[in-house]
Amino acid sequence: MSFAERLNALDRRWIFLAMGLSVAIPVLFGLQFPESSSALSEQCFQMIEELQPGDPVLIAMDFDPPSKGELEPMATAFVRHCCEKKLKIYFMTLWPAGPQMIDDAIERVIVRDFPAMTYGEDYVNLGFKPGYEGVIKVIISNLKTLYSTDARGTNIDQIPMCRNLTDIKSMKLIINVSAGYPGAKEWIQYASTPVEQLKNRIVAGCTGVQAALLYPYIPEQLPGLLGAIKGAAEYEALVNQKYDADKGRPTPAKYQEALRRMGPQSVAHLLMIALIILGNVAFFLQRSRRGAAA
Amino acid sequence: MNGSSKFWPIVGLLFAGWLLYRATLGAGTVYVAEAPNGVWMRAAPVDFVAGAAEFSPGRTIGVWVAALFTLCIMSYLYRDNPFYRFAEAVIVGVSAAYYMVVALWTTLIPNLIGKLWPGIVQATAMPGLSSEREDFWWLYFVPLVMGAMLIWRLSPKGAWIARWPLAFIVGTTAGVRLIGYIEADFLSQIRATLLPLVVMTPDASGQPVFHLGDSIRNALIVGGVLSALVYFLFSVEHKGPIGRIARAGTWTLMICFGAAFGYTVMGRIALLAIRFEFLFDDWLWLIDPLGRRTGLF
């Protein structure tokens with residue numbers, strides 16, 4: 001059996017094993033590479049950076065545990081950046097499993113590192129509402145029609161930062177962390193595009209599957225986008241540089257999760273490139289052999 | 001990979017023995033401590049030793065169950081097996097139950113029952129809800145009746161009754177989506193494609209300066225969109241100049257699919273990486289990237 005025929009008959013489980021090892025070994029040894037930022041992640045960073053302390057921002061965490069690996073690092077970085085800027089944060093989600101993602105982010109960032117922030121005055125969790133894009137359409141005109149209580153069941157009129165909030169048009173920025181439908185596309189379609197007050201006031205972080213579908217909205221309808229774990233790593237690097245490195249303090253490991261996950265990414269991508277080249281070599285070898293035989 | 005019949009049982013036993021050894025070192029154990037705001041948060045083993053944290057049996061079982069289910073799902077890569085099918089069935093069942101409970105407590109109770117009979121809901125289920133009825137509270141009988149009509153589908157007789165609310169749902173969804181797509185995806189996308197092919201901007205002295213990079217980018221966007229549209233033009237035979245433009249459109253589409261595939265691969269690898277991180281860190285305690293064991297997180 002020739003080399004090309006052997007490659008052709010290779011059990012695909014060897015490739016699974018190779019891919020597993022290419023991810024597992026860098027995870028075990030903590031392999032990490034430096035990250036340089038792209039224009040899109042810089043734009044995300046700048047849009048939050050330009051806000052003033054006390055400005056209201058809406059963070060919609062439209063994802064669930066299956067996409068946590070990709071989206072949790074960017075959600076953490078967004079929340080941390082907003083806390084560092086002393087913004088007033090309104091959390092919400094259009095995904096049924098989203099409330100847990102919000103609670104995790106609040107515990108990981110606000111409760112541990114920003115204990116001075118008070119619930120109801122500096123941040124509030126509006127929780128989950130079903131209705132997909134219908135929820136967005138309602139809250140751009142009347143938030144209290146849908147949100148009579150927050151995620152804890154407290155009457156929304158008893159929460160100081162919600163008392164005068166009638167709709168989300170007053171938000172200085174919408175930050176969406178999106179894993180699919182409903183997500184960034186719906187926020188663009190029903191909030192940032194049709195509502196004059198929200199134009200150019202949206203940034204999104206999304207999964208790799210979604211990223212290619214969101215590029216057509218850049219830059220007019222979506223000024224800033226973090227695409228998959230790479231975008232998250234770039235944004236993390238920018239936030240860490242500004243709020244840790246420039247101040248001469250070390251960055252906690254939890255704020256470097258995306259950077260850490262880029263190590264396995266790079267090794268796995270190298271393996272994929274090698275496999276694609278190998279597959280093509282086998283294909284052309286077999287074709288030339290068949291041609292010679294004919 | 002066709003090993004002998006004794007190979008995999010031996011591997012399984014060795015792995016189980018090693019797991020037991022790791023468990024004696026504390027692997028997979030979770031400790032918690034109460035934060036000043038009353039929330040129970042994850043704590044480090046050193047906090048437990050110092051008496052500042054408690055052992056959490058619930059979270060520990062959670063870590064072990066999650067780890068074993070992860071292995072069950074990953075076993076499908078070898079071949080279909082009962083462990084994979086069991087894990088899959090549990091995930092489907094738990095997800096359905098979770099979504100049902102969430103829908104009850106976030107939609108039906110506060111947004112329907114709570115609007116119709118707010119006093120009862122406030123007294124029995126949601127103390128944070130206002131006990132006063134809204135001005136047009138009786139309008140909520142419409143979704144209540146339509147919801148009941150929708151469930152009629154399960155009845156052996158009169159299943160057609162469910163078609164009325166279903167027609168309403170289909171109609172309103174189509175209407176809502178149409179508006180969104182026309183403005184955000186149709187008109188705005190056309191506007192975004194009307195780009196100058198020669199980009200010139202005035203410099204400090206007012207003289208126009210040609211920007212080669214921006215001009216090439218705009219030309220690629222306009223050319224790519226037009227050629228992809230020509231590819232989908234089936235009323236003209238794809239021959240001659242039209243055929244060549246359509247071929248360019250094919251290339252544009254292929255580049256787009258390639259980019260989408262590349263992003264998808266990146267996403268899937270990230271998911272695999274977090275699963276390995278969970279297994280090595282939370283479960284087996286082989287790595288400690290977040291400093292959980294040392295209390296530095």
# chains A, B, ... in the order shown; residues from 1 in each chain; ligands from 1
>>> closest_atom_pairs(of="chain A", to="chain B", cutoff="6 Å", atoms="only C-alpha atoms", output="JSON lines")
{"residue": "A:Gly69", "atom": "CA", "partner": "B:Leu271", "partner_atom": "CA", "distance": 5.1}
{"residue": "A:Glu70", "atom": "CA", "partner": "B:Ala270", "partner_atom": "CA", "distance": 5.8}
{"residue": "A:Gly153", "atom": "CA", "partner": "B:Gly128", "partner_atom": "CA", "distance": 5.1}
{"residue": "A:Thr154", "atom": "CA", "partner": "B:Gly128", "partner_atom": "CA", "distance": 4.4}
{"residue": "A:Asn155", "atom": "CA", "partner": "B:Gly128", "partner_atom": "CA", "distance": 4.6}
{"residue": "A:Gln189", "atom": "CA", "partner": "B:Ala184", "partner_atom": "CA", "distance": 5.1}
{"residue": "A:Tyr190", "atom": "CA", "partner": "B:Gly180", "partner_atom": "CA", "distance": 5.9}
{"residue": "A:Thr193", "atom": "CA", "partner": "B:Ala184", "partner_atom": "CA", "distance": 5.9}
{"residue": "A:Gly208", "atom": "CA", "partner": "B:Tyr263", "partner_atom": "CA", "distance": 4.4}
{"residue": "A:Val209", "atom": "CA", "partner": "B:Thr264", "partner_atom": "CA", "distance": 4.7}
{"residue": "A:Ala212", "atom": "CA", "partner": "B:Ala260", "partner_atom": "CA", "distance": 5.2}
{"residue": "A:Ala253", "atom": "CA", "partner": "B:Leu290", "partner_atom": "CA", "distance": 5.2}
{"residue": "A:Lys254", "atom": "CA", "partner": "B:Leu290", "partner_atom": "CA", "distance": 5.8}
>>> residues_around(residues="range 242-252 of chain A", least_positions_apart="3", cutoff="10 Å", atoms="only C-alpha atoms", output="list in words")
Arg80, His81, Glu84, Glu236, Ala237, Leu238, Val239, Tyr255, Gln256 and Glu257 of chain A; Leu290, Gly291, Leu296 and Phe297 of chain B
>>> residues_around(residues="Thr60 in chain B", least_positions_apart="3", cutoff="12 Å", atoms="only C-alpha atoms", output="list in words")
Ala23, Gly26, Ala27, Gly28, Thr29, Val30, Tyr31, Val32, Arg42, Glu54, Phe55, Ser56, Pro57, Val63, Trp64, Val65, Ala66, Ala67, Asp282 and Trp283 of chain B
>>> select_by_dssp(residues="range 16-178 of chain B", states="alpha helix (DSSP H)", output="ChimeraX atom specification")
/B:16-24,45-49,57-74,82-103,114-116,118-124,141-151,163-178
>>> residues_around(residues="Trp137 in chain B", least_positions_apart="5", cutoff="12 Å", atoms="only C-alpha atoms", output="VMD selection string")
(chain A and resid 145) or (chain B and resid 111 to 118 132 142 to 144)
>>> residues_around(residues="Asn280 in chain A", least_positions_apart="6", cutoff="12 Å", atoms="only C-alpha atoms", output="PDB file with all heavy atoms, in the first residue's frame")
ATOM      1  N   ALA A   4       0.030   7.420  -0.195  1.00  0.00           N
ATOM      2  CA  ALA A   4      -1.241   8.110  -0.478  1.00  0.00           C
ATOM      3  C   ALA A   4      -2.429   7.213  -0.143  1.00  0.00           C
ATOM      4  O   ALA A   4      -3.425   7.683   0.418  1.00  0.00           O
ATOM      5  CB  ALA A   4      -1.284   8.513  -1.948  1.00  0.00           C
ATOM      6  N   LEU A   7      -2.900   7.054   3.594  1.00  0.00           N
ATOM      7  CA  LEU A   7      -3.543   8.279   4.106  1.00  0.00           C
ATOM      8  C   LEU A   7      -5.040   8.250   3.826  1.00  0.00           C
ATOM      9  O   LEU A   7      -5.858   8.665   4.651  1.00  0.00           O
ATOM     10  CB  LEU A   7      -2.937   9.518   3.442  1.00  0.00           C
ATOM     11  CG  LEU A   7      -1.716  10.132   4.114  1.00  0.00           C
ATOM     12  CD1 LEU A   7      -1.291  11.359   3.344  1.00  0.00           C
ATOM     13  CD2 LEU A   7      -2.007  10.527   5.552  1.00  0.00           C
ATOM     14  N   ASN A   8      -5.389   7.766   2.648  1.00  0.00           N
ATOM     15  CA  ASN A   8      -6.786   7.711   2.242  1.00  0.00           C
ATOM     16  C   ASN A   8      -7.592   6.762   3.127  1.00  0.00           C
ATOM     17  O   ASN A   8      -8.766   7.000   3.397  1.00  0.00           O
ATOM     18  CB  ASN A   8      -6.858   7.244   0.782  1.00  0.00           C
ATOM     19  CG  ASN A   8      -7.947   7.981   0.039  1.00  0.00           C
ATOM     20  OD1 ASN A   8      -8.395   9.030   0.474  1.00  0.00           O
ATOM     21  ND2 ASN A   8      -8.362   7.415  -1.085  1.00  0.00           N
ATOM     22  N   ILE A 273      -3.957  22.895   9.508  1.00  0.00           N
ATOM     23  CA  ILE A 273      -3.282  23.307   8.263  1.00  0.00           C
ATOM     24  C   ILE A 273      -2.441  22.145   7.736  1.00  0.00           C
ATOM     25  O   ILE A 273      -2.464  21.825   6.544  1.00  0.00           O
ATOM     26  CB  ILE A 273      -2.426  24.574   8.512  1.00  0.00           C
ATOM     27  CG1 ILE A 273      -3.336  25.771   8.796  1.00  0.00           C
ATOM     28  CG2 ILE A 273      -1.528  24.879   7.312  1.00  0.00           C
ATOM     29  CD1 ILE A 273      -2.634  26.979   9.377  1.00  0.00           C
ATOM     30  N   ALA A 274      -1.726  21.494   8.656  1.00  0.00           N
ATOM     31  CA  ALA A 274      -0.887  20.351   8.260  1.00  0.00           C
ATOM     32  C   ALA A 274      -1.743  19.239   7.661  1.00  0.00           C
ATOM     33  O   ALA A 274      -1.381  18.642   6.630  1.00  0.00           O
ATOM     34  CB  ALA A 274      -0.109  19.831   9.468  1.00  0.00           C
ATOM     35  N   GLN A 286      -2.505  10.564  -5.749  1.00  0.00           N
ATOM     36  CA  GLN A 286      -3.387   9.519  -6.277  1.00  0.00           C
ATOM     37  C   GLN A 286      -3.869   9.867  -7.676  1.00  0.00           C
ATOM     38  O   GLN A 286      -3.938   9.016  -8.556  1.00  0.00           O
ATOM     39  CB  GLN A 286      -4.589   9.329  -5.346  1.00  0.00           C
ATOM     40  CG  GLN A 286      -4.293   8.364  -4.208  1.00  0.00           C
ATOM     41  CD  GLN A 286      -5.547   7.932  -3.504  1.00  0.00           C
ATOM     42  OE1 GLN A 286      -6.463   8.709  -3.343  1.00  0.00           O
ATOM     43  NE2 GLN A 286      -5.584   6.687  -3.070  1.00  0.00           N
ATOM     44  N   ARG A 287      -4.175  11.146  -7.884  1.00  0.00           N
ATOM     45  CA  ARG A 287      -4.674  11.569  -9.201  1.00  0.00           C
ATOM     46  C   ARG A 287      -3.600  11.392 -10.270  1.00  0.00           C
ATOM     47  O   ARG A 287      -3.867  10.912 -11.362  1.00  0.00           O
ATOM     48  CB  ARG A 287      -5.149  13.023  -9.143  1.00  0.00           C
ATOM     49  CG  ARG A 287      -6.065  13.359 -10.319  1.00  0.00           C
ATOM     50  CD  ARG A 287      -6.784  14.647 -10.126  1.00  0.00           C
ATOM     51  NE  ARG A 287      -5.880  15.786 -10.349  1.00  0.00           N
ATOM     52  CZ  ARG A 287      -6.296  17.032 -10.508  1.00  0.00           C
ATOM     53  NH1 ARG A 287      -7.576  17.312 -10.447  1.00  0.00           N
ATOM     54  NH2 ARG A 287      -5.446  17.998 -10.718  1.00  0.00           N
TER      55      ARG A 287
END
>>> residues_around(residues="range 53-55 of chain A", least_positions_apart="4", cutoff="6 Å", atoms="only C-alpha atoms", output="JSON, numbers by chain")
{"A": [85, 86, 87, 88]}
>>> atom_distance(atom1="CA of Val57 in chain A", atom2="CA of Asp150 in chain A")
16.3 Å
>>> closest_residue(among="B:Ala33, B:Tyr140, B:Asp80, B:Leu212", to="Ala53 in chain B", atoms="only C-alpha atoms")
B:Ala33
>>> atom_distance(atom1="CA of Ile169 in chain B", atom2="CA of Leu108 in chain B")
16.9 Å
>>> atom_distance(atom1="CA of Tyr215 in chain A", atom2="CA of Ile188 in chain A")
12.0 Å
>>> residues_around(residues="Val203 in chain A", least_positions_apart="3", cutoff="10 Å", atoms="only C-alpha atoms", output="mmCIF file with N, CA and C atoms, in the first residue's frame")
data_model
loop_
_atom_site.group_PDB
_atom_site.id
_atom_site.type_symbol
_atom_site.label_atom_id
_atom_site.label_comp_id
_atom_site.auth_asym_id
_atom_site.auth_seq_id
_atom_site.Cartn_x
_atom_site.Cartn_y
_atom_site.Cartn_z
ATOM 1 N N LEU A 40 -11.291 46.248 15.028
ATOM 2 C CA LEU A 40 -12.635 46.037 15.580
ATOM 3 C C LEU A 40 -12.628 45.941 17.100
ATOM 4 N N SER A 41 -11.641 45.232 17.642
ATOM 5 C CA SER A 41 -11.597 45.133 19.107
ATOM 6 C C SER A 41 -11.161 46.464 19.714
ATOM 7 N N GLN A 43 -11.988 49.316 18.518
ATOM 8 C CA GLN A 43 -13.192 50.135 18.458
ATOM 9 C C GLN A 43 -14.118 49.807 19.633
ATOM 10 N N CYS A 44 -14.259 48.511 19.943
ATOM 11 C CA CYS A 44 -15.058 48.089 21.111
ATOM 12 C C CYS A 44 -14.505 48.747 22.376
ATOM 13 N N PHE A 45 -13.199 48.653 22.515
ATOM 14 C CA PHE A 45 -12.529 49.207 23.701
ATOM 15 C C PHE A 45 -12.742 50.724 23.772
ATOM 16 N N MET A 47 -15.083 52.592 22.439
ATOM 17 C CA MET A 47 -16.465 53.019 22.665
ATOM 18 C C MET A 47 -16.830 52.977 24.142
ATOM 19 N N ILE A 48 -16.304 52.010 24.863
ATOM 20 C CA ILE A 48 -16.560 51.963 26.312
ATOM 21 C C ILE A 48 -15.672 52.990 27.023
ATOM 22 N N ILE A 59 -26.038 45.557 29.285
ATOM 23 C CA ILE A 59 -25.269 44.372 28.882
ATOM 24 C C ILE A 59 -26.246 43.214 28.717
ATOM 25 N N LEU A 173 -24.808 52.909 25.733
ATOM 26 C CA LEU A 173 -24.229 51.837 24.921
ATOM 27 C C LEU A 173 -24.953 50.525 25.198
ATOM 28 N N ILE A 174 -25.153 49.755 24.132
ATOM 29 C CA ILE A 174 -25.670 48.388 24.311
ATOM 30 C C ILE A 174 -24.501 47.446 24.038
ATOM 31 N N ILE A 175 -24.225 46.599 25.014
ATOM 32 C CA ILE A 175 -23.159 45.599 24.849
ATOM 33 C C ILE A 175 -23.840 44.242 24.778
ATOM 34 N N ASN A 176 -23.671 43.563 23.665
ATOM 35 C CA ASN A 176 -24.337 42.273 23.510
ATOM 36 C C ASN A 176 -23.310 41.161 23.376
ATOM 37 N N VAL A 177 -23.466 40.148 24.208
ATOM 38 C CA VAL A 177 -22.627 38.948 24.086
ATOM 39 C C VAL A 177 -23.551 37.863 23.555
ATOM 40 N N ALA A 184 -26.985 39.219 18.677
ATOM 41 C CA ALA A 184 -26.472 40.472 18.107
ATOM 42 C C ALA A 184 -27.274 40.908 16.876
ATOM 43 N N TRP A 187 -30.469 42.515 17.970
ATOM 44 C CA TRP A 187 -30.246 43.826 18.598
ATOM 45 C C TRP A 187 -29.954 44.877 17.525
ATOM 46 N N ILE A 188 -29.265 44.462 16.456
ATOM 47 C CA ILE A 188 -28.994 45.396 15.357
ATOM 48 C C ILE A 188 -30.292 45.699 14.609
ATOM 49 N N SER A 192 -30.515 49.039 17.321
ATOM 50 C CA SER A 192 -29.528 50.034 16.878
ATOM 51 C C SER A 192 -29.815 50.583 15.480
ATOM 52 N N ASN A 200 -25.236 53.623 16.234
ATOM 53 C CA ASN A 200 -23.809 53.605 16.577
ATOM 54 C C ASN A 200 -23.551 53.486 18.065
ATOM 55 N N GLN A 221 -23.746 49.805 11.063
ATOM 56 C CA GLN A 221 -24.764 49.328 12.002
ATOM 57 C C GLN A 221 -24.168 48.681 13.246
ATOM 58 N N LEU A 222 -22.920 48.272 13.133
ATOM 59 C CA LEU A 222 -22.237 47.623 14.273
ATOM 60 C C LEU A 222 -20.796 48.128 14.310
ATOM 61 N N PRO A 223 -20.548 49.155 15.109
ATOM 62 C CA PRO A 223 -19.195 49.756 15.080
ATOM 63 C C PRO A 223 -18.096 48.851 15.631
ATOM 64 N N GLY A 224 -18.428 48.018 16.609
ATOM 65 C CA GLY A 224 -17.385 47.190 17.227
ATOM 66 C C GLY A 224 -17.828 45.750 17.373
ATOM 67 N N LEU A 225 -16.926 44.815 17.034
ATOM 68 C CA LEU A 225 -17.284 43.395 17.132
ATOM 69 C C LEU A 225 -16.082 42.593 17.633
ATOM 70 N N LEU A 226 -16.347 41.719 18.602
ATOM 71 C CA LEU A 226 -15.325 40.769 19.045
ATOM 72 C C LEU A 226 -15.720 39.411 18.482
#
>>> closest_residue(among="B:Gly213, B:Pro82, B:Pro208, B:Gly224", to="Ala248 in chain B", atoms="only C-alpha atoms")
B:Gly224
